[in-house]
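See below for the structure under consideration.
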Amino acid sequence: MIQPIYLYGSGVLRSRADEADLGKKEELTQLITDLKDTLAVSDGCGLAAPQIGVSLRVLVVDGDVMTDVYPYLKGFKRVMVNPVVIQESSRSCEYNEGCLSIPGIYADVARPESMTVEYYDESFSKVTETLDKFACRMVQHEMSHLDGVLFTDLVKPIRKKMLSGKLQSISKGKISTRYKSKIK
């Protein structure tokens, strides 16, 4: 079911999400379906459970929407339950990021250029995977949501100051989106 996406200023976006209970497979399967359905109508490439108001460590990414810029992402779709970074590259790279919870704002963010992550997939099988390039970026961005960190927290201080007025407007509901959204 399509859920509203919580916007900047919503408390759920600022708290560390709880580990998902793998014993509650029916509930998790419904959450995964809700995340996929919501992402599909929002024109984004990733969505974390806190963005739909559920404080659990679950995320989905879909690289197909980015294949015009990054052709290697064709078919890159992941569901990650309780993802944990096992190893990160010491080298970082900058990409321009945006976020469904912070509509209309984009900024360069430096993150590790590759990482190895361990998670449970959609069928609740344990997976260890090494990611790089924009696939890594998408997962890192969504994993930040699971820790209550937004991409605007990671930008250079001068850029953060420049964005503060726009962020305040979003938190006051002075924004429109093409998808269902809310602030709580």
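Ligands are numbered from 1 in the order shown, chains are lettered A, B, ... in the order of the structure tokens, and residues start at 1 in each chain.
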| request: Looking only at alpha helix (DSSP H) from DSSP on the backbone, list the matching residues of region 7-173 of chain A as a PyMOL selection string. | output: chain A and resi 25-40+133-146+157-171
Taking C-alpha atoms for each residue, export the selection above as a PDB file, in the first residue's frame.
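Full text of part03.pdb as output:
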```
ATOM      1  CA  LYS A  25       7.985 -12.160   8.663  1.00  0.00           C
ATOM      2  CA  GLU A  26       4.382 -11.317   7.785  1.00  0.00           C
ATOM      3  CA  GLU A  27       4.687  -7.785   9.186  1.00  0.00           C
ATOM      4  CA  LEU A  28       8.082  -7.287   7.528  1.00  0.00           C
ATOM      5  CA  THR A  29       6.787  -8.541   4.197  1.00  0.00           C
ATOM      6  CA  GLN A  30       3.952  -5.995   4.383  1.00  0.00           C
ATOM      7  CA  LEU A  31       6.429  -3.218   5.276  1.00  0.00           C
ATOM      8  CA  ILE A  32       8.639  -4.191   2.315  1.00  0.00           C
ATOM      9  CA  THR A  33       5.596  -4.126   0.012  1.00  0.00           C
ATOM     10  CA  ASP A  34       4.616  -0.688   1.348  1.00  0.00           C
ATOM     11  CA  LEU A  35       8.160   0.609   0.792  1.00  0.00           C
ATOM     12  CA  LYS A  36       8.266  -0.712  -2.777  1.00  0.00           C
ATOM     13  CA  ASP A  37       4.792   0.609  -3.619  1.00  0.00           C
ATOM     14  CA  THR A  38       5.572   4.019  -2.159  1.00  0.00           C
ATOM     15  CA  LEU A  39       8.934   4.238  -3.911  1.00  0.00           C
ATOM     16  CA  ALA A  40       7.388   3.252  -7.243  1.00  0.00           C
ATOM     17  CA  LYS A 133      29.766   3.636  -7.477  1.00  0.00           C
ATOM     18  CA  PHE A 134      26.193   4.921  -7.298  1.00  0.00           C
ATOM     19  CA  ALA A 135      24.803   1.588  -6.055  1.00  0.00           C
ATOM     20  CA  CYS A 136      26.923   2.101  -2.938  1.00  0.00           C
ATOM     21  CA  ARG A 137      25.741   5.713  -2.682  1.00  0.00           C
ATOM     22  CA  MET A 138      22.072   4.765  -2.786  1.00  0.00           C
ATOM     23  CA  VAL A 139      22.468   2.195  -0.021  1.00  0.00           C
ATOM     24  CA  GLN A 140      24.635   4.514   2.110  1.00  0.00           C
ATOM     25  CA  HIS A 141      22.048   7.281   1.835  1.00  0.00           C
ATOM     26  CA  GLU A 142      19.230   4.979   2.940  1.00  0.00           C
ATOM     27  CA  MET A 143      21.328   3.444   5.723  1.00  0.00           C
ATOM     28  CA  SER A 144      21.924   6.975   7.048  1.00  0.00           C
ATOM     29  CA  HIS A 145      18.142   7.282   7.436  1.00  0.00           C
ATOM     30  CA  LEU A 146      18.211   4.220   9.676  1.00  0.00           C
ATOM     31  CA  PRO A 157      28.867  23.987   6.911  1.00  0.00           C
ATOM     32  CA  ILE A 158      28.539  26.919   4.493  1.00  0.00           C
ATOM     33  CA  ARG A 159      26.157  24.917   2.282  1.00  0.00           C
ATOM     34  CA  LYS A 160      24.145  23.856   5.332  1.00  0.00           C
ATOM     35  CA  LYS A 161      23.760  27.488   6.329  1.00  0.00           C
ATOM     36  CA  MET A 162      22.605  28.349   2.813  1.00  0.00           C
ATOM     37  CA  LEU A 163      19.957  25.608   2.976  1.00  0.00           C
ATOM     38  CA  SER A 164      18.600  26.472   6.422  1.00  0.00           C
ATOM     39  CA  GLY A 165      15.777  28.704   5.169  1.00  0.00           C
ATOM     40  CA  LYS A 166      14.535  26.086   2.709  1.00  0.00           C
ATOM     41  CA  LEU A 167      14.731  23.383   5.375  1.00  0.00           C
ATOM     42  CA  GLN A 168      12.685  25.517   7.773  1.00  0.00           C
ATOM     43  CA  SER A 169      10.057  26.018   5.079  1.00  0.00           C
ATOM     44  CA  ILE A 170       9.778  22.260   4.545  1.00  0.00           C
ATOM     45  CA  SER A 171       9.465  21.642   8.300  1.00  0.00           C
TER      46      SER A 171
END
```
| request: For Phe76 (chain A), list every protein, DNA or RNA residue within 8 Å, evaluated using only C-alpha atoms, and leave out those in the same chain fewer than 2 positions away; present the list as a ChimeraX atom specification. | output: /A:61-64,73-74,78,135
Could the residues in this selection be written to a file with N, CA and C atoms, as a PDB file, in the first residue's frame?
```pdb
ATOM      1  N   VAL A  61      16.096  -0.133  -2.408  1.00  0.00           N
ATOM      2  CA  VAL A  61      16.699   0.716  -3.436  1.00  0.00           C
ATOM      3  C   VAL A  61      16.349   0.130  -4.798  1.00  0.00           C
ATOM      4  N   ASP A  62      16.222   1.021  -5.783  1.00  0.00           N
ATOM      5  CA  ASP A  62      15.887   0.622  -7.147  1.00  0.00           C
ATOM      6  C   ASP A  62      16.700   1.464  -8.111  1.00  0.00           C
ATOM      7  N   GLY A  63      17.746   0.872  -8.654  1.00  0.00           N
ATOM      8  CA  GLY A  63      18.630   1.590  -9.567  1.00  0.00           C
ATOM      9  C   GLY A  63      18.060   1.790 -10.951  1.00  0.00           C
ATOM     10  N   ASP A  64      16.981   1.083 -11.298  1.00  0.00           N
ATOM     11  CA  ASP A  64      16.419   1.214 -12.643  1.00  0.00           C
ATOM     12  C   ASP A  64      16.036   2.651 -12.985  1.00  0.00           C
ATOM     13  N   LEU A  73      23.316   0.446 -13.489  1.00  0.00           N
ATOM     14  CA  LEU A  73      22.335   0.186 -12.427  1.00  0.00           C
ATOM     15  C   LEU A  73      21.102  -0.581 -12.918  1.00  0.00           C
ATOM     16  N   LYS A  74      21.042  -0.884 -14.219  1.00  0.00           N
ATOM     17  CA  LYS A  74      19.883  -1.625 -14.742  1.00  0.00           C
ATOM     18  C   LYS A  74      19.753  -2.948 -13.978  1.00  0.00           C
ATOM     19  N   ARG A  78      17.356  -3.808  -4.489  1.00  0.00           N
ATOM     20  CA  ARG A  78      17.674  -4.514  -3.259  1.00  0.00           C
ATOM     21  C   ARG A  78      16.653  -4.171  -2.187  1.00  0.00           C
ATOM     22  N   ALA A 135      25.529   2.608  -6.826  1.00  0.00           N
ATOM     23  CA  ALA A 135      24.803   1.588  -6.055  1.00  0.00           C
ATOM     24  C   ALA A 135      25.167   1.722  -4.576  1.00  0.00           C
TER      25      ALA A 135
END
```
| Quick one: residues within 12 Å of Asp132 (chain A), only C-alpha atoms counted, chain neighbours fewer than 5 positions away excluded, as a ChimeraX atom specification? | /A:72-73,87-89,91-93,111-117,137-140
| task | Write out as JSON, numbers by chain the residues lying within 8 Å of Tyr6 (chain A), counting only C-alpha atoms and excluding same-chain residues fewer than 4 positions away. | result | {"A": [10, 13, 50, 51, 52, 53, 101, 181, 182, 183, 184]}
Any chance you could export the current selection's C-alpha atoms as a compact mmCIF listing (two decimals), in the first residue's frame?
```txt
# COMPACT_ATOMS: atom_id res chain seq x y z
CA SER A 10 9.29 14.81 11.32
CA LEU A 13 13.57 10.89 10.65
CA PRO A 50 11.56 5.72 8.83
CA GLN A 51 10.60 7.75 5.75
CA ILE A 52 7.16 6.15 5.87
CA GLY A 53 6.93 6.52 9.65
CA SER A 101 11.99 13.59 2.64
CA SER A 181 3.71 13.38 2.14
CA LYS A 182 3.30 14.55 5.71
CA ILE A 183 5.12 16.10 8.64
CA LYS A 184 4.68 14.64 12.08
```
| task | Based on DSSP run over this structure's backbone, return all residues of region 8-181 of chain A in strand (DSSP E), as a ChimeraX atom specification. | result | /A:46-48,58-62,77-88,92-99,102-112,114-120,126-132,181
| said: Please compute the CA of Leu131 (chain A)-CA of Ala49 (chain A) distance, one decimal, in Å. | reply: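 Straight-line distance from CA of Leu131 (chain A) to CA of Ala49 (chain A) works out to 21.0 Å.
Going from CA of Tyr119 (chain A) over to CA of Val84 (chain A), you cover 6.4 Å.
With only C-alpha atoms as the atoms that count, the minimum distance from Gly98 (chain A) to the choices A:Lys180, A:Arg16, A:Phe151, A:Gly9 is reached by A:Phe151.
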| message | Under the rule that only C-alpha atoms are counted, which of A:Ala110, A:Ile105, A:Ile175, A:Val65 is the nearest residue to Ser90 (chain A)? | response | A:Ala110
| query | Between A:Leu59, A:Ala48, A:Val69, A:Val41, which one has atoms that come closest to Leu150 (chain A), using only C-alpha atoms? | reply |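 Ranking A:Leu59, A:Ala48, A:Val69, A:Val41 by distance to Leu150 (chain A), first place goes to A:Ala48.
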| task | May I ask which of the residues A:Leu154, A:Ile86, A:Val54, A:Val81 is the closest one to Gly11 (chain A), counting only C-alpha atoms? | result |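 Closest to Gly11 (chain A) of all the choices is A:Val54.
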| task | May I ask which of the residues A:Glu118, A:Asp21, A:Glu129, A:Asp153 is the closest one to Pro83 (chain A), counting only C-alpha atoms? | result |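 Using only C-alpha atoms, the shortest distance to Pro83 (chain A) belongs to A:Glu118.
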